[in-house]
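One file, upload-v6.cif, is given below (mmCIF, C-alpha atoms).
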```
data_coords
loop_
_atom_site.label_atom_id
_atom_site.label_comp_id
_atom_site.auth_asym_id
_atom_site.auth_seq_id
_atom_site.Cartn_x
_atom_site.Cartn_y
_atom_site.Cartn_z
CA MET A 1 0.00 0.00 0.00
CA LEU A 2 2.74 2.42 0.90
CA LYS A 3 4.78 3.23 -2.13
CA SER A 4 8.45 3.69 -1.62
CA VAL A 5 9.39 6.81 -3.42
CA GLY A 6 12.81 7.23 -4.89
CA PRO A 7 13.92 9.70 -7.48
CA ASN A 8 13.76 7.18 -10.29
CA PHE A 9 10.35 5.92 -9.34
CA TYR A 10 8.18 8.78 -10.47
CA THR A 11 5.25 8.01 -12.69
CA PRO A 12 5.37 10.43 -15.56
CA PHE A 13 1.74 11.43 -15.39
CA LEU A 14 -0.58 13.08 -13.00
CA SER A 15 0.43 11.87 -9.57
CA LEU A 16 0.19 15.08 -7.67
CA PHE A 17 0.77 13.69 -4.23
CA ASP A 18 3.57 11.33 -3.41
CA GLN A 19 3.74 9.35 -0.23
CA LEU A 20 6.92 9.79 1.71
CA VAL A 21 7.61 7.43 4.53
CA LEU A 22 9.31 9.06 7.46
CA GLY A 23 9.65 6.64 10.31
CA ASN A 24 6.15 5.47 11.13
CA CYS A 25 4.10 8.20 9.60
CA VAL A 26 3.21 8.78 6.02
CA LEU A 27 3.28 12.29 4.69
CA LEU A 28 1.48 13.38 1.61
CA VAL A 29 3.82 15.80 -0.05
CA ASN A 30 2.78 18.02 -2.88
CA LEU A 31 5.53 17.55 -5.43
CA ARG A 32 4.51 19.68 -8.35
CA ARG A 33 6.14 18.48 -11.52
CA MET A 34 7.20 21.63 -13.33
CA ARG A 35 7.84 21.57 -16.97
CA LEU A 36 8.24 24.19 -19.65
CA GLU A 37 5.67 23.21 -22.21
CA LYS A 38 5.20 24.33 -25.78
CA CYS A 39 2.14 26.21 -26.87
CA TRP A 40 0.22 24.08 -29.33
CA PHE A 41 -0.59 26.98 -31.55
CA CYS A 42 2.42 29.24 -31.67
CA SER A 43 5.11 26.93 -30.22
CA SER A 44 6.34 29.41 -27.67
CA THR A 45 7.21 28.14 -24.20
CA VAL A 46 4.46 28.05 -21.63
CA TYR A 47 5.85 28.72 -18.17
CA PRO A 48 4.15 27.35 -15.07
CA GLY A 49 1.30 29.57 -14.03
CA HIS A 50 0.61 30.76 -17.54
CA GLY A 51 -1.83 29.77 -20.16
CA ILE A 52 -4.69 27.34 -20.43
CA LYS A 53 -4.67 23.59 -20.85
CA PHE A 54 -7.48 22.01 -22.80
CA VAL A 55 -8.06 18.29 -22.49
CA ARG A 56 -10.08 16.88 -25.33
CA ASN A 57 -12.22 13.80 -24.87
CA ASP A 58 -9.75 11.64 -26.75
CA ALA A 59 -7.21 12.51 -24.05
CA LYS A 60 -5.20 14.80 -26.28
CA ILE A 61 -3.90 17.77 -24.37
CA PHE A 62 -3.59 21.18 -25.95
CA ARG A 63 -1.57 23.79 -24.16
CA PHE A 64 -1.83 27.45 -24.99
CA CYS A 65 0.50 30.19 -23.91
CA ARG A 66 -2.06 32.97 -23.96
CA SER A 67 -5.63 33.69 -24.88
CA LYS A 68 -4.64 34.78 -28.38
CA CYS A 69 -3.57 31.23 -29.22
CA HIS A 70 -6.51 29.79 -27.32
CA LYS A 71 -9.00 31.89 -29.25
CA ASN A 72 -7.39 31.03 -32.56
CA PHE A 73 -7.68 27.38 -31.65
CA LYS A 74 -11.34 27.79 -30.81
CA MET A 75 -11.81 29.42 -34.20
CA LYS A 76 -10.44 26.18 -35.62
CA ARG A 77 -7.55 27.88 -37.32
CA ASN A 78 -4.72 25.75 -38.58
CA PRO A 79 -1.44 27.01 -37.09
CA CYS A 80 0.41 25.94 -40.22
CA LYS A 81 -1.53 28.57 -42.11
CA VAL A 82 -1.29 31.38 -39.60
CA LYS A 83 1.67 33.50 -40.47
CA TRP A 84 3.01 34.48 -37.08
CA THR A 85 3.25 30.96 -35.68
CA LYS A 86 6.41 28.92 -35.52
CA ALA A 87 4.66 26.09 -37.32
CA TYR A 88 4.06 28.28 -40.35
CA ARG A 89 7.57 29.67 -40.30
CA ARG A 90 9.17 26.27 -40.11
CA LEU A 91 6.91 24.83 -42.76
CA HIS A 92 7.61 27.63 -45.21
CA GLY A 93 11.35 27.67 -44.61
CA LYS A 94 11.41 31.03 -42.88
CA ASP A 95 13.06 29.63 -39.79
CA MET A 96 15.75 27.03 -39.34
CA THR A 97 14.29 23.54 -39.09
CA GLN A 98 17.17 21.09 -38.95
CA ASP A 99 20.12 21.64 -36.73
CA SER A 100 22.19 19.58 -34.37
CA THR A 101 21.48 22.02 -31.54
CA PHE A 102 17.87 20.87 -31.52
CA GLU A 103 19.01 17.45 -30.37
CA PHE A 104 19.88 18.80 -26.94
CA GLU A 105 16.34 19.86 -26.21
CA ARG A 106 14.48 16.62 -25.79
CA LYS A 107 11.64 15.69 -23.49
CA ARG A 108 13.03 13.67 -20.62
CA ASN A 109 10.68 11.78 -18.41
CA ARG A 110 13.18 10.52 -15.89
CA PRO A 111 14.25 13.03 -13.30
CA GLU A 112 17.97 13.02 -12.67
CA ARG A 113 19.37 12.61 -9.21
CA TYR A 114 20.65 16.02 -8.16
CA ASP A 115 24.35 16.41 -8.71
CA ARG A 116 25.89 19.79 -8.24
CA ASN A 117 28.50 19.39 -10.93
CA LEU A 118 25.96 18.11 -13.40
CA ALA A 119 23.64 21.00 -12.66
CA GLU A 120 26.44 23.52 -13.02
CA ASN A 121 27.64 22.08 -16.31
CA THR A 122 24.12 21.86 -17.64
CA LEU A 123 23.47 25.50 -16.90
CA LYS A 124 26.66 26.52 -18.67
CA ALA A 125 25.85 24.28 -21.60
CA ILE A 126 22.33 25.64 -21.91
CA LYS A 127 23.68 29.15 -22.27
CA LYS A 128 26.22 28.14 -24.87
CA ILE A 129 23.89 25.98 -26.90
CA ASP A 130 21.28 28.71 -26.85
CA LYS A 131 23.77 31.23 -28.18
CA ILE A 132 24.90 28.87 -30.94
CA ARG A 133 21.35 28.06 -31.90
CA SER A 134 20.22 31.67 -32.06
CA ASP A 135 23.33 32.63 -34.05
CA ARG A 136 22.64 29.89 -36.55
CA ALA A 137 18.99 30.84 -36.73
CA SER A 138 19.77 34.48 -37.45
CA ASP A 139 22.34 33.40 -40.06
CA HIS A 140 19.65 31.32 -41.69
CA ILE A 141 17.37 34.32 -41.88
CA LYS A 142 20.17 36.56 -43.13
CA ASN A 143 21.00 34.15 -45.92
CA ARG A 144 17.38 33.89 -46.80
CA LEU A 145 17.12 37.68 -47.12
CA LYS A 146 20.38 38.05 -49.01
CA THR A 147 18.97 37.24 -52.44
CA GLY A 148 16.25 39.81 -51.86
CA LYS A 149 18.79 42.48 -51.08
CA VAL A 150 20.73 41.83 -54.27
CA GLN A 151 17.49 41.89 -56.24
CA ARG A 152 16.46 45.19 -54.69
CA GLN A 153 19.82 46.78 -55.50
CA LYS A 154 19.54 45.62 -59.10
CA GLU A 155 16.10 47.12 -59.37
CA ALA A 156 17.26 50.36 -57.81
CA ARG A 157 20.10 50.62 -60.28
CA LYS A 158 17.75 50.04 -63.18
CA GLN A 159 15.34 52.63 -61.89
CA LEU A 160 18.16 55.15 -61.61
CA GLU A 161 19.17 54.49 -65.21
CA LEU A 162 15.68 55.02 -66.50
CA GLY A 163 14.94 58.06 -64.43
CA ILE A 164 18.30 59.81 -64.47
CA HIS A 165 16.68 62.82 -66.17
CA LEU A 166 14.86 63.50 -62.92
CA VAL A 167 18.10 63.55 -61.04
CA LYS A 168 20.49 65.30 -63.37
CA ALA A 169 19.77 67.65 -66.21
CA SER A 170 20.72 66.14 -69.57
CA LEU A 171 23.30 68.84 -70.14
CA ALA A 172 24.98 68.09 -66.88
CA LEU A 173 24.83 64.40 -67.73
CA ALA A 174 26.61 65.07 -70.97
CA GLN A 175 29.42 66.83 -69.09
CA ASP A 176 29.74 64.32 -66.30
CA SER A 177 28.24 61.02 -67.31
CA SER A 178 28.37 59.24 -63.98
CA LEU A 179 25.03 57.67 -63.13
CA CYS A 180 24.79 58.91 -59.59
CA LEU A 181 23.31 61.75 -57.63
CA PRO A 182 25.37 64.95 -57.91
CA LYS A 183 27.66 65.51 -54.97
CA ILE A 184 27.23 68.81 -53.17
CA LYS A 185 30.35 70.02 -51.41
CA VAL A 186 29.97 72.01 -48.20
CA ASN A 187 32.93 73.79 -46.64
CA VAL A 188 32.82 73.73 -42.88
CA SER A 189 35.41 75.85 -41.04
CA GLN A 190 36.25 75.63 -37.36
CA ALA A 191 35.71 79.36 -36.67
CA GLN A 192 32.15 79.24 -37.95
CA THR A 193 31.02 76.52 -35.58
CA GLU A 194 32.25 78.46 -32.56
CA GLU A 195 30.46 81.60 -33.65
CA ASN A 196 27.19 79.76 -34.25
CA GLN A 197 26.85 78.54 -30.73
CA PRO A 198 25.38 81.67 -29.11
CA MET A 199 22.96 81.98 -32.02
CA GLU A 200 21.61 78.46 -31.55
CA GLU A 201 20.65 79.21 -27.99
CA MET B 1 -20.06 26.17 -14.19
CA ILE B 2 -22.87 23.72 -13.70
CA GLN B 3 -26.18 25.10 -12.56
CA PRO B 4 -29.70 23.76 -12.33
CA GLN B 5 -31.00 22.70 -15.75
CA THR B 6 -27.52 21.78 -16.94
CA HIS B 7 -27.37 18.51 -18.80
CA LEU B 8 -24.46 16.36 -17.83
CA ASN B 9 -23.13 13.19 -19.30
CA VAL B 10 -22.34 10.32 -17.00
CA ALA B 11 -18.87 8.87 -16.83
CA ASP B 12 -19.54 5.61 -15.07
CA ASN B 13 -21.42 2.40 -15.58
CA SER B 14 -24.04 3.05 -12.93
CA GLY B 15 -26.76 2.97 -15.57
CA ALA B 16 -27.49 6.61 -16.10
CA ARG B 17 -26.55 8.27 -19.35
CA GLU B 18 -27.62 11.82 -18.99
CA LEU B 19 -28.42 13.87 -15.92
CA VAL B 20 -30.01 17.21 -15.37
CA CYS B 21 -28.70 19.16 -12.45
CA ILE B 22 -31.32 20.21 -9.97
CA ARG B 23 -29.40 21.61 -7.08
CA ILE B 24 -25.86 22.27 -6.00
CA ILE B 25 -24.98 20.99 -2.59
CA GLY B 26 -23.20 23.49 -0.46
CA ALA B 27 -24.42 26.94 0.51
CA SER B 28 -28.10 27.66 0.23
CA ASN B 29 -27.98 29.80 -2.86
CA ARG B 30 -24.80 28.56 -4.40
CA ARG B 31 -24.86 29.49 -8.06
CA TYR B 32 -22.41 27.32 -9.90
CA ALA B 33 -20.75 23.99 -9.45
CA HIS B 34 -17.30 23.05 -10.68
CA ILE B 35 -15.24 19.91 -10.76
CA CYS B 36 -15.33 18.08 -7.42
CA ASP B 37 -18.64 19.63 -6.42
CA ILE B 38 -21.62 17.51 -5.53
CA ILE B 39 -24.93 18.08 -7.19
CA VAL B 40 -28.41 16.68 -6.96
CA ALA B 41 -29.54 15.54 -10.37
CA VAL B 42 -32.41 13.85 -12.08
CA ILE B 43 -31.78 11.07 -14.57
CA LYS B 44 -32.97 11.88 -18.06
CA GLU B 45 -31.61 8.95 -20.00
CA ILE B 46 -30.59 5.52 -18.87
CA VAL B 47 -28.86 2.46 -20.12
CA LEU B 48 -31.32 -0.43 -20.33
CA ASN B 49 -31.43 -3.18 -17.73
CA THR B 50 -29.72 -1.29 -14.95
CA PRO B 51 -30.89 -0.62 -11.41
CA LEU B 52 -31.39 3.11 -12.05
CA GLU B 53 -34.58 4.45 -13.55
CA ARG B 54 -35.49 7.46 -15.54
CA SER B 55 -36.59 10.54 -13.52
CA GLU B 56 -34.89 9.21 -10.46
CA VAL B 57 -33.28 11.81 -8.25
CA ILE B 58 -29.70 10.98 -7.46
CA ILE B 59 -26.57 12.62 -6.24
CA ALA B 60 -23.57 13.04 -8.47
CA ILE B 61 -20.09 14.46 -8.32
CA ILE B 62 -18.83 16.54 -11.18
CA VAL B 63 -15.80 15.17 -12.89
CA ARG B 64 -15.24 17.26 -16.01
CA THR B 65 -16.51 20.68 -16.94
CA HIS B 66 -16.31 22.71 -20.07
CA LYS B 67 -15.65 25.80 -17.99
CA GLU B 68 -12.04 26.01 -16.99
CA LEU B 69 -10.99 25.20 -13.48
CA LYS B 70 -8.37 27.46 -11.97
CA HIS B 71 -5.91 25.95 -9.55
CA ASP B 72 -4.16 27.92 -6.88
CA ASN B 73 -0.82 27.30 -8.54
CA GLY B 74 -2.00 29.07 -11.68
CA MET B 75 -2.83 26.04 -13.75
CA ILE B 76 -6.03 26.37 -15.76
CA ILE B 77 -7.64 23.27 -17.22
CA ARG B 78 -10.65 22.96 -19.46
CA TYR B 79 -12.35 19.82 -20.73
CA ASP B 80 -14.57 19.15 -23.68
CA ASP B 81 -17.87 18.39 -21.96
CA ASN B 82 -19.74 18.39 -18.66
CA VAL B 83 -19.58 15.01 -17.02
CA ALA B 84 -20.53 13.64 -13.63
CA VAL B 85 -20.26 10.40 -11.74
CA VAL B 86 -23.24 9.05 -9.83
CA ILE B 87 -22.70 8.55 -6.11
CA ASP B 88 -24.89 7.72 -3.15
CA GLN B 89 -25.46 9.53 0.09
CA GLU B 90 -22.36 8.19 1.81
CA GLY B 91 -20.21 9.10 -1.13
CA ASN B 92 -19.65 5.72 -2.67
CA PRO B 93 -19.83 5.65 -6.44
CA LYS B 94 -22.75 3.66 -7.74
CA GLY B 95 -20.88 2.31 -10.71
CA THR B 96 -17.77 0.20 -10.83
CA GLN B 97 -15.93 1.83 -13.67
CA ILE B 98 -15.24 5.38 -14.64
CA PHE B 99 -14.90 6.13 -18.30
CA GLY B 100 -12.91 8.78 -19.98
CA ILE B 101 -10.46 11.26 -18.62
CA VAL B 102 -10.48 12.03 -14.96
CA ASP B 103 -7.73 14.15 -13.59
CA GLU B 104 -7.03 12.70 -10.19
CA THR B 105 -5.26 15.90 -9.23
CA GLN B 106 -8.61 17.64 -9.19
CA PHE B 107 -9.77 15.39 -6.48
CA THR B 108 -6.71 15.71 -4.34
CA MET B 109 -6.21 19.43 -4.58
CA GLY B 110 -7.42 20.07 -1.08
CA LYS B 111 -11.06 20.57 -1.87
CA ASP B 112 -13.76 18.92 0.18
CA THR B 113 -14.39 15.75 -1.70
CA ILE B 114 -16.02 12.49 -1.07
CA ALA B 115 -13.26 10.48 0.50
CA ASN B 116 -14.07 7.16 -1.08
CA ILE B 117 -14.16 8.35 -4.62
CA LYS B 118 -11.00 10.28 -3.99
CA THR B 119 -9.04 7.32 -2.78
CA SER B 120 -10.50 4.98 -5.33
CA ILE B 121 -9.56 7.22 -8.19
CA ARG B 122 -6.13 7.78 -6.77
CA ASN B 123 -5.47 4.10 -6.33
CA ALA B 124 -7.02 3.10 -9.57
CA ASP B 125 -5.22 2.36 -12.78
CA MET B 126 -5.52 5.37 -14.93
CA ASN B 127 -4.47 4.82 -18.48
CA ARG B 128 -6.03 8.10 -19.44
CA LYS B 129 -7.89 6.78 -22.41
CA GLY B 130 -10.02 3.99 -21.20
CA THR B 131 -11.66 3.13 -17.98
CA ILE B 132 -10.78 3.32 -14.34
CA GLN B 133 -11.63 0.33 -12.21
CA ILE B 134 -12.77 1.38 -8.78
CA GLY B 135 -10.41 -0.79 -6.85
CA TYR B 136 -11.96 -0.90 -3.42
CA LEU B 137 -15.06 -2.56 -4.76
CA ASN B 138 -12.89 -5.47 -5.84
CA LYS B 139 -14.55 -5.75 -9.17
CA LYS B 140 -12.59 -6.08 -12.39
#
```

Would you mind writing the file out in structure tokens?
Amino acid sequence: MLKSVGPNFYTPFLSLFDQLVLGNCVLLVNLRRMRLEKCWFCSSTVYPGHGIKFVRNDAKIFRFCRSKCHKNFKMKRNPCKVKWTKAYRRLHGKDMTQDSTFEFERKRNRPERYDRNLAENTLKAIKKIDKIRSDRASDHIKNRLKTGKVQRQKEARKQLELGIHLVKASLALAQDSSLCLPKIKVNVSQAQTEENQPMEE
Amino acid sequence: MIQPQTHLNVADNSGARELVCIRIIGASNRRYAHICDIIVAVIKEIVLNTPLERSEVIIAIIVRTHKELKHDNGMIIRYDDNVAVVIDQEGNPKGTQIFGIVDETQFTMGKDTIANIKTSIRNADMNRKGTIQIGYLNKK
């Protein structure tokens, strides 16, 4: 009847109270299992104390980080089609999908026995892996946007060619045929700036 | 948020299929009932060949609600339907199995609950998809 509770004996699901045996008496201790979940709709992390959990009758659990996601779910929207969700971004190649840094973040159902060194190293590793992952993710986005930048510059150059008569008079173009905006030279002397100060006040 | 006139499904094999809430047990003019609350209900629909009859007034404990239940630790849980389990005056469940999802944490969160159903659900096998056998009745 009395379960012996050790760290490796936890049932993964909803056992809120565990029975600890201390001497003769049995204490019911509230050991809340805390986990950072993922929002079903937008894939952001749901911290404990936030969001709503919806349990459907087929025992599928949907977690939402905020009412925005919850309301979208109730509207029966498909997250893969809603532009601001991670699901959409991953599906359409906007965000990085495959990387070795994702391997580190797996769901672990067995709690580890507390070891100070392990905890310390894990915390350091989390920081480092996070930095690497976010660097790679931003590189992915930068590369994705690179072709667009080149395209835009090409178009700008073409537009300048076609519309150069708006920028430079044709006579001036004949004299100096560089396809760029005319440079205006301004002489700034040191004495002038000192004199201007009382006037600015 | 169960109130009088609310139709509830039944999650056990006591014989009732659908209940209509008549009264919430607790304060005299208590408005709404949530998970773990006890209600007085009338049976609207039954399963044939069971001891319970239609329009029989029974007591039930609410097991799932569509309205979300807020825990003190900030957890908010919502289910898909309103479901109750038929019990008797002492608090023993009338059926021997409970179907569907029952979060045993609801019953052990420090609310006043019927002790027998609490312990039986806690000790029962919960595979979360099928049925819970109410162990203390020694029926399989």

> What residues come out when you apply the PyMOL selection byres ((chain B and resi 2-13) around 10) to this file, written as a PyMOL selection string?
Replying inline: chain B and resi 1+14-24+30-35+37+39-47+50+60-67+81-87+93-102+131-133

> What lies within 12 Å of A:Phe73 using all atoms listed in the file, ignoring chain neighbours under 2 positions off, as a list in words?
Replying inline: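 Near neighbours after the sequence-gap exclusion: Cys39, Trp40, Phe41, Cys42, Ile52, Lys53, Phe54, Phe62, Arg63, Phe64, Cys65, Arg66, Ser67, Lys68, Cys69, His70, Lys71, Met75, Lys76, Arg77, Asn78, Pro79, Cys80 and Val82 of chain A.
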
>> Could you tell me how far atom CA of A:Ser138 sits from atom CA of A:Glu37, in Å to one decimal place?
In response: 23.6 Å

> By how many Å are atom CA of A:Ile141 and atom CA of A:Val46 apart?
Replying inline: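 The value is 24.8 Å.
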
>> List the spatial neighbours of A:Phe104 as number ranges by chain - criterion: any atom at most 9 Å away, only C-alpha atoms, same-chain residues fewer than 2 positions off excluded.
In response: A: 100-102, 106, 126, 129

> What does the distance from atom CA of B:Asp80 to atom CA of A:Arg56 come to in Å, to one decimal?
Replying inline: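 Interatomic distance here is 5.3 Å.
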
>> I want to know what sits within 8 Å of A:Lys86, based on only C-alpha atoms, with residues of the same chain fewer than 6 positions away left out; could you give that as a VMD selection string?
In response: chain A and resid 42 to 44 95

Polymer residues at most 12 Å from A:Glu161, all atoms listed in the file, same-chain spacing of 3 or more positions, as a compact mmCIF listing (two decimals) with C-alpha atoms, in the frame of the given file:
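Saved to around.txt:
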```txt
# COMPACT_ATOMS: atom_id res chain seq x y z
CA LYS A 154 19.54 45.62 -59.10
CA GLU A 155 16.10 47.12 -59.37
CA ALA A 156 17.26 50.36 -57.81
CA ARG A 157 20.10 50.62 -60.28
CA LYS A 158 17.75 50.04 -63.18
CA ILE A 164 18.30 59.81 -64.47
CA HIS A 165 16.68 62.82 -66.17
CA LEU A 166 14.86 63.50 -62.92
CA VAL A 167 18.10 63.55 -61.04
CA LYS A 168 20.49 65.30 -63.37
CA LEU A 173 24.83 64.40 -67.73
CA SER A 177 28.24 61.02 -67.31
CA SER A 178 28.37 59.24 -63.98
CA LEU A 179 25.03 57.67 -63.13
CA CYS A 180 24.79 58.91 -59.59
CA LEU A 181 23.31 61.75 -57.63
```

>> Between B:Cys36, B:Leu48, B:Ile76, B:Leu69, which residue has the minimum interatomic distance to chain A, considering all atoms listed in the file?
In response: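 Distance minimum relative to chain A lands on B:Ile76.
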
Extending 6 Å beyond the listed atoms of stretch 87-101 of chain B on each side, what axis-aligned box results? I want centre and edge lengths in Å to one decimal, as lines of an AutoDock Vina configuration file.
```
center_x = -18.0
center_y = 5.7
center_z = -9.1
size_x = 27.0
size_y = 23.1
size_z = 33.8
```

Reconstruct all heavy atoms of stretch 35-44 of chain B from the incomplete input and present them as a short mmCIF file (atom, residue, chain, number, x, y, z; two decimals), in the coordinates of the input.
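The new file selection-v5.cif reads:
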```
data_model
loop_
_atom_site.label_atom_id
_atom_site.label_comp_id
_atom_site.auth_asym_id
_atom_site.auth_seq_id
_atom_site.Cartn_x
_atom_site.Cartn_y
_atom_site.Cartn_z
N ILE B 35 -15.75 21.26 -10.97
CA ILE B 35 -15.24 19.91 -10.76
C ILE B 35 -15.08 19.68 -9.27
O ILE B 35 -14.68 20.58 -8.54
CB ILE B 35 -13.88 19.75 -11.47
CG1 ILE B 35 -14.06 20.00 -12.96
CG2 ILE B 35 -13.32 18.36 -11.27
CD1 ILE B 35 -12.80 19.89 -13.74
N CYS B 36 -15.40 18.50 -8.82
CA CYS B 36 -15.33 18.08 -7.42
C CYS B 36 -16.54 18.50 -6.61
O CYS B 36 -16.62 18.17 -5.45
CB CYS B 36 -14.12 18.67 -6.70
SG CYS B 36 -12.66 17.71 -6.93
N ASP B 37 -17.46 19.25 -7.18
CA ASP B 37 -18.64 19.63 -6.42
C ASP B 37 -19.71 18.56 -6.56
O ASP B 37 -19.81 17.87 -7.56
CB ASP B 37 -19.19 20.96 -6.93
CG ASP B 37 -18.26 22.11 -6.58
OD1 ASP B 37 -17.48 21.95 -5.61
OD2 ASP B 37 -18.30 23.13 -7.27
N ILE B 38 -20.56 18.51 -5.53
CA ILE B 38 -21.62 17.51 -5.53
C ILE B 38 -22.92 18.18 -5.90
O ILE B 38 -23.23 19.28 -5.42
CB ILE B 38 -21.72 16.87 -4.14
CG1 ILE B 38 -20.36 16.27 -3.79
CG2 ILE B 38 -22.77 15.78 -4.12
CD1 ILE B 38 -20.13 16.19 -2.33
N ILE B 39 -23.65 17.53 -6.76
CA ILE B 39 -24.93 18.08 -7.19
C ILE B 39 -26.03 17.05 -7.00
O ILE B 39 -25.78 15.85 -6.94
CB ILE B 39 -24.92 18.50 -8.68
CG1 ILE B 39 -24.52 17.32 -9.56
CG2 ILE B 39 -24.00 19.66 -8.91
CD1 ILE B 39 -24.83 17.55 -11.01
N VAL B 40 -27.24 17.56 -6.91
CA VAL B 40 -28.41 16.68 -6.96
C VAL B 40 -28.90 16.73 -8.39
O VAL B 40 -29.03 17.81 -8.97
CB VAL B 40 -29.50 17.17 -6.01
CG1 VAL B 40 -30.70 16.26 -6.08
CG2 VAL B 40 -28.97 17.25 -4.60
N ALA B 41 -29.15 15.57 -8.97
CA ALA B 41 -29.54 15.54 -10.37
C ALA B 41 -30.68 14.57 -10.58
O ALA B 41 -30.92 13.67 -9.76
CB ALA B 41 -28.35 15.15 -11.24
N VAL B 42 -31.36 14.78 -11.70
CA VAL B 42 -32.41 13.85 -12.08
C VAL B 42 -31.95 13.13 -13.35
O VAL B 42 -31.30 13.72 -14.20
CB VAL B 42 -33.73 14.61 -12.28
CG1 VAL B 42 -33.86 15.12 -13.70
CG2 VAL B 42 -34.90 13.76 -11.91
N ILE B 43 -32.27 11.86 -13.43
CA ILE B 43 -31.78 11.07 -14.57
C ILE B 43 -32.71 11.26 -15.75
O ILE B 43 -33.93 11.05 -15.64
CB ILE B 43 -31.70 9.59 -14.20
CG1 ILE B 43 -30.74 9.43 -13.03
CG2 ILE B 43 -31.21 8.77 -15.38
CD1 ILE B 43 -30.66 8.03 -12.52
N LYS B 44 -32.16 11.66 -16.87
CA LYS B 44 -32.97 11.88 -18.06
C LYS B 44 -32.94 10.70 -19.02
O LYS B 44 -33.87 10.43 -19.74
CB LYS B 44 -32.47 13.13 -18.80
CG LYS B 44 -32.90 14.40 -18.18
CD LYS B 44 -34.38 14.61 -18.33
CE LYS B 44 -34.81 15.97 -17.83
NZ LYS B 44 -36.27 16.10 -17.82
#
```
